[in-house]
Every structure is written in C-alpha cells, then in structure tokens.
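Heads up, the thing below is written out as structure tokens.
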Amino acid sequence: MPGNFFDTNVLIYLATDDQRKADHVEFLLRAGGVVSVQVLNEITNISRRKYAMSWKDTFTTLSTVRSYLTVIPITVEIHESGLRVAERYGFSIYDSFIVAAALAAECDTLWSEDMQDGMVVDGRLRIINPFRDETAP
C-alpha cells in the first residue's frame, strides 16, 4: 500500500514561525500518511527543548499530527530492521529506525529534509525533501 511517511524534521515546522514551510507541511498532511511513535517523541523533545514550547502547545502540535496521520509503534522487528538499514546504508541510527518504520508501514515516500533526497531504499522507499525546490541553487 503506497503512502507517505513523515520525518520529524518536516513535521516540526508545524511548531515554528516559518509559516511558508508550515503551510507546505499542512498541504502534504492532507494526503495522509504515517508516523512512528519515535517521531512523536522527537517532536516532543524538540518542541520543549529547542523551541521552549509550553506543554499545552506541545500537546496541540502532537494532536494535529495524530489527526492527519496513522501512528505506528516501534516494534522489536522495526528496531532490528533499523539496525540493518544503518549497517547497509550508513544512516544515523535514529534515521535508520525512521526508514525501517516507513518500510514496515509499506510507504513508498519518506518526506525528510535531511536525508539523501532522491535516494531509494530497498528498491521501494524514495526519500524526498519536500522543500528541495526552495533550496535549489
């Protein structure tokens, strides 16, 4: 089942003052997709530590994400798959767990701002930077 998986670094724009990127993320969210509990945990951490958001605003951001996307747990199988992804592709371990979760959810697109744009993992998951046209030279 093709679908979209969202990396933390894309969804976090919902909690920032970058309205242009936040609007673009909201547009992408309307198509639906998937996130893992790991992504929700990372959003919480960044919202609180980097952006000093209140708990109320943090909960609102998380609720917004959950209202658009299906949330999948991190399982032992995803953990083990993530380790293999890290070994094979050289991603950081946390990025590897996100890739593994996207593969487990049978997504064909992983929206990520900081992984290798255009890369195809396991012949079926394409990583796409949703802001690439904005950063192109």
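Chain identifiers are assigned as A, B, and so on, following the order in which chains appear in the structure tokens; residues are numbered from 1 within each chain, and ligands are numbered from 1 in order of appearance.
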
Item to complete: From a DSSP pass on the backbone, collect the residues of chain A flagged as alpha helix (DSSP H) and hand them back as a PyMOL selection string.
Response: chain A and resi 8-11+19-29+37-49+55-68+76-89+93-104+132-135

Writing out the chosen residues with C-alpha atoms as a PDB file, in the first residue's frame:
ATOM      1  CA  THR A   8      10.434  14.676  12.431  1.00  0.00           C
ATOM      2  CA  ASN A   9      12.418  17.398  10.674  1.00  0.00           C
ATOM      3  CA  VAL A  10       9.492  18.023   8.325  1.00  0.00           C
ATOM      4  CA  LEU A  11       6.676  17.918  10.873  1.00  0.00           C
ATOM      5  CA  GLN A  19       4.773  29.926   8.041  1.00  0.00           C
ATOM      6  CA  ARG A  20       5.712  29.134   4.444  1.00  0.00           C
ATOM      7  CA  LYS A  21       7.138  25.728   5.381  1.00  0.00           C
ATOM      8  CA  ALA A  22       4.374  25.072   7.917  1.00  0.00           C
ATOM      9  CA  ASP A  23       1.770  25.714   5.219  1.00  0.00           C
ATOM     10  CA  HIS A  24       3.556  23.328   2.861  1.00  0.00           C
ATOM     11  CA  VAL A  25       3.666  20.626   5.554  1.00  0.00           C
ATOM     12  CA  GLU A  26      -0.056  21.088   6.213  1.00  0.00           C
ATOM     13  CA  PHE A  27      -0.677  20.673   2.469  1.00  0.00           C
ATOM     14  CA  LEU A  28       1.272  17.381   2.483  1.00  0.00           C
ATOM     15  CA  LEU A  29      -0.540  16.188   5.598  1.00  0.00           C
ATOM     16  CA  VAL A  37       5.878   6.844  17.964  1.00  0.00           C
ATOM     17  CA  GLN A  38       9.582   7.709  17.670  1.00  0.00           C
ATOM     18  CA  VAL A  39       8.665  10.729  15.520  1.00  0.00           C
ATOM     19  CA  LEU A  40       6.094  11.878  18.090  1.00  0.00           C
ATOM     20  CA  ASN A  41       8.730  11.549  20.831  1.00  0.00           C
ATOM     21  CA  GLU A  42      11.239  13.548  18.792  1.00  0.00           C
ATOM     22  CA  ILE A  43       8.661  16.278  18.113  1.00  0.00           C
ATOM     23  CA  THR A  44       8.005  16.482  21.846  1.00  0.00           C
ATOM     24  CA  ASN A  45      11.702  16.762  22.648  1.00  0.00           C
ATOM     25  CA  ILE A  46      12.401  19.436  20.011  1.00  0.00           C
ATOM     26  CA  SER A  47       9.264  21.416  20.850  1.00  0.00           C
ATOM     27  CA  ARG A  48      10.171  21.577  24.515  1.00  0.00           C
ATOM     28  CA  ARG A  49      13.969  21.910  24.361  1.00  0.00           C
ATOM     29  CA  TRP A  55       3.172  21.626  27.338  1.00  0.00           C
ATOM     30  CA  LYS A  56      -0.205  22.844  26.085  1.00  0.00           C
ATOM     31  CA  ASP A  57       1.264  23.954  22.732  1.00  0.00           C
ATOM     32  CA  THR A  58       3.283  20.744  22.509  1.00  0.00           C
ATOM     33  CA  PHE A  59       0.156  18.647  23.051  1.00  0.00           C
ATOM     34  CA  THR A  60      -1.667  20.714  20.410  1.00  0.00           C
ATOM     35  CA  THR A  61       1.090  20.107  17.866  1.00  0.00           C
ATOM     36  CA  LEU A  62       1.082  16.374  18.602  1.00  0.00           C
ATOM     37  CA  SER A  63      -2.709  16.241  18.344  1.00  0.00           C
ATOM     38  CA  THR A  64      -2.557  17.960  14.971  1.00  0.00           C
ATOM     39  CA  VAL A  65      -0.057  15.412  13.689  1.00  0.00           C
ATOM     40  CA  ARG A  66      -2.089  12.481  15.032  1.00  0.00           C
ATOM     41  CA  SER A  67      -5.288  13.853  13.484  1.00  0.00           C
ATOM     42  CA  TYR A  68      -3.777  13.605   9.994  1.00  0.00           C
ATOM     43  CA  VAL A  76      11.433  -5.141  18.025  1.00  0.00           C
ATOM     44  CA  GLU A  77      11.158  -6.049  14.338  1.00  0.00           C
ATOM     45  CA  ILE A  78      11.413  -2.382  13.326  1.00  0.00           C
ATOM     46  CA  HIS A  79      14.352  -1.975  15.700  1.00  0.00           C
ATOM     47  CA  GLU A  80      16.169  -4.939  14.133  1.00  0.00           C
ATOM     48  CA  SER A  81      15.336  -3.726  10.626  1.00  0.00           C
ATOM     49  CA  GLY A  82      16.645  -0.283  11.572  1.00  0.00           C
ATOM     50  CA  LEU A  83      19.945  -1.785  12.625  1.00  0.00           C
ATOM     51  CA  ARG A  84      20.238  -3.480   9.224  1.00  0.00           C
ATOM     52  CA  VAL A  85      19.338  -0.196   7.460  1.00  0.00           C
ATOM     53  CA  ALA A  86      22.051   1.634   9.436  1.00  0.00           C
ATOM     54  CA  GLU A  87      24.604  -1.019   8.546  1.00  0.00           C
ATOM     55  CA  ARG A  88      23.685  -1.186   4.861  1.00  0.00           C
ATOM     56  CA  TYR A  89      23.028   2.482   4.052  1.00  0.00           C
ATOM     57  CA  ILE A  93      20.701   5.006  13.984  1.00  0.00           C
ATOM     58  CA  TYR A  94      17.664   7.206  14.655  1.00  0.00           C
ATOM     59  CA  ASP A  95      17.194   7.965  10.957  1.00  0.00           C
ATOM     60  CA  SER A  96      17.521   4.230  10.312  1.00  0.00           C
ATOM     61  CA  PHE A  97      14.662   3.489  12.701  1.00  0.00           C
ATOM     62  CA  ILE A  98      12.515   6.033  10.833  1.00  0.00           C
ATOM     63  CA  VAL A  99      13.396   4.401   7.495  1.00  0.00           C
ATOM     64  CA  ALA A 100      12.642   0.958   8.952  1.00  0.00           C
ATOM     65  CA  ALA A 101       9.274   2.144  10.259  1.00  0.00           C
ATOM     66  CA  ALA A 102       8.420   3.588   6.839  1.00  0.00           C
ATOM     67  CA  LEU A 103       9.334   0.285   5.204  1.00  0.00           C
ATOM     68  CA  ALA A 104       7.280  -1.656   7.772  1.00  0.00           C
ATOM     69  CA  ARG A 132      14.027  20.920  -2.275  1.00  0.00           C
ATOM     70  CA  ASP A 133      12.742  23.452  -4.802  1.00  0.00           C
ATOM     71  CA  GLU A 134      13.193  26.164  -2.186  1.00  0.00           C
ATOM     72  CA  THR A 135      16.831  25.180  -1.556  1.00  0.00           C
TER      73      THR A 135
END

Give me, as a compact mmCIF listing (two decimals) with N, CA and C atoms, in the first residue's frame, all polymer residues having an atom no more than 7 Å from A:Val35, counting only C-alpha atoms and skipping those fewer than 4 positions away in the same chain.
# COMPACT_ATOMS: atom_id res chain seq x y z
N PHE A 5 5.39 8.68 4.58
CA PHE A 5 5.88 8.64 5.95
C PHE A 5 6.58 9.97 6.19
N PHE A 6 6.39 10.54 7.36
CA PHE A 6 6.92 11.87 7.66
C PHE A 6 8.02 11.79 8.71
N VAL A 39 8.80 9.38 16.07
CA VAL A 39 8.66 10.73 15.52
C VAL A 39 7.90 11.61 16.50
N LEU A 69 -2.35 11.73 10.58
CA LEU A 69 -1.50 10.58 10.26
C LEU A 69 -1.79 9.38 11.13
N THR A 70 -1.56 8.21 10.57
CA THR A 70 -1.63 6.97 11.33
C THR A 70 -0.32 6.84 12.10
N VAL A 71 -0.41 6.46 13.35
CA VAL A 71 0.78 6.30 14.19
C VAL A 71 1.04 4.81 14.39
N ILE A 72 2.27 4.41 14.08
CA ILE A 72 2.63 3.01 14.31
C ILE A 72 3.65 2.93 15.44

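Pairwise distance (atom CA of A:Phe131, atom CA of A:Phe91) equals 20.3 Å.
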
Discussion item. Give me the residues near stretch 120-130 of chain A as a PyMOL selection string, where near means some atom within 7 Å (using only C-alpha atoms) and where sequence neighbours in that chain fewer than 4 positions away do not count.
Written reply: chain A and resi 103+107-113+116

Item to complete: Using backbone DSSP assignments, extract all strand (DSSP E or B) residues from chain A; output them as a ChimeraX atom specification.
Response: /A:4-6,34-36,70-72,109-111,120-121,125-128

Can I get the selection written as a PDB file, in the first residue's frame, with C-alpha atoms?
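Written file, result.pdb:
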ATOM      1  CA  ASN A   4       3.715   8.860   2.862  1.00  0.00           C
ATOM      2  CA  PHE A   5       5.883   8.643   5.946  1.00  0.00           C
ATOM      3  CA  PHE A   6       6.919  11.870   7.664  1.00  0.00           C
ATOM      4  CA  VAL A  34       2.160   7.514   8.661  1.00  0.00           C
ATOM      5  CA  VAL A  35       4.498   8.380  11.520  1.00  0.00           C
ATOM      6  CA  SER A  36       6.025   6.270  14.243  1.00  0.00           C
ATOM      7  CA  THR A  70      -1.625   6.975  11.328  1.00  0.00           C
ATOM      8  CA  VAL A  71       0.780   6.296  14.190  1.00  0.00           C
ATOM      9  CA  ILE A  72       2.631   3.007  14.312  1.00  0.00           C
ATOM     10  CA  THR A 109       7.657   8.066   0.101  1.00  0.00           C
ATOM     11  CA  LEU A 110       9.610   9.312   3.100  1.00  0.00           C
ATOM     12  CA  TRP A 111       9.389  13.082   3.463  1.00  0.00           C
ATOM     13  CA  VAL A 120      15.618   4.802  -2.936  1.00  0.00           C
ATOM     14  CA  VAL A 121      15.891   2.365  -0.034  1.00  0.00           C
ATOM     15  CA  LEU A 125      11.041   3.758  -0.448  1.00  0.00           C
ATOM     16  CA  ARG A 126      12.027   7.084  -2.018  1.00  0.00           C
ATOM     17  CA  ILE A 127      13.337   9.816   0.257  1.00  0.00           C
ATOM     18  CA  ILE A 128      12.116  13.237  -0.824  1.00  0.00           C
TER      19      ILE A 128
END
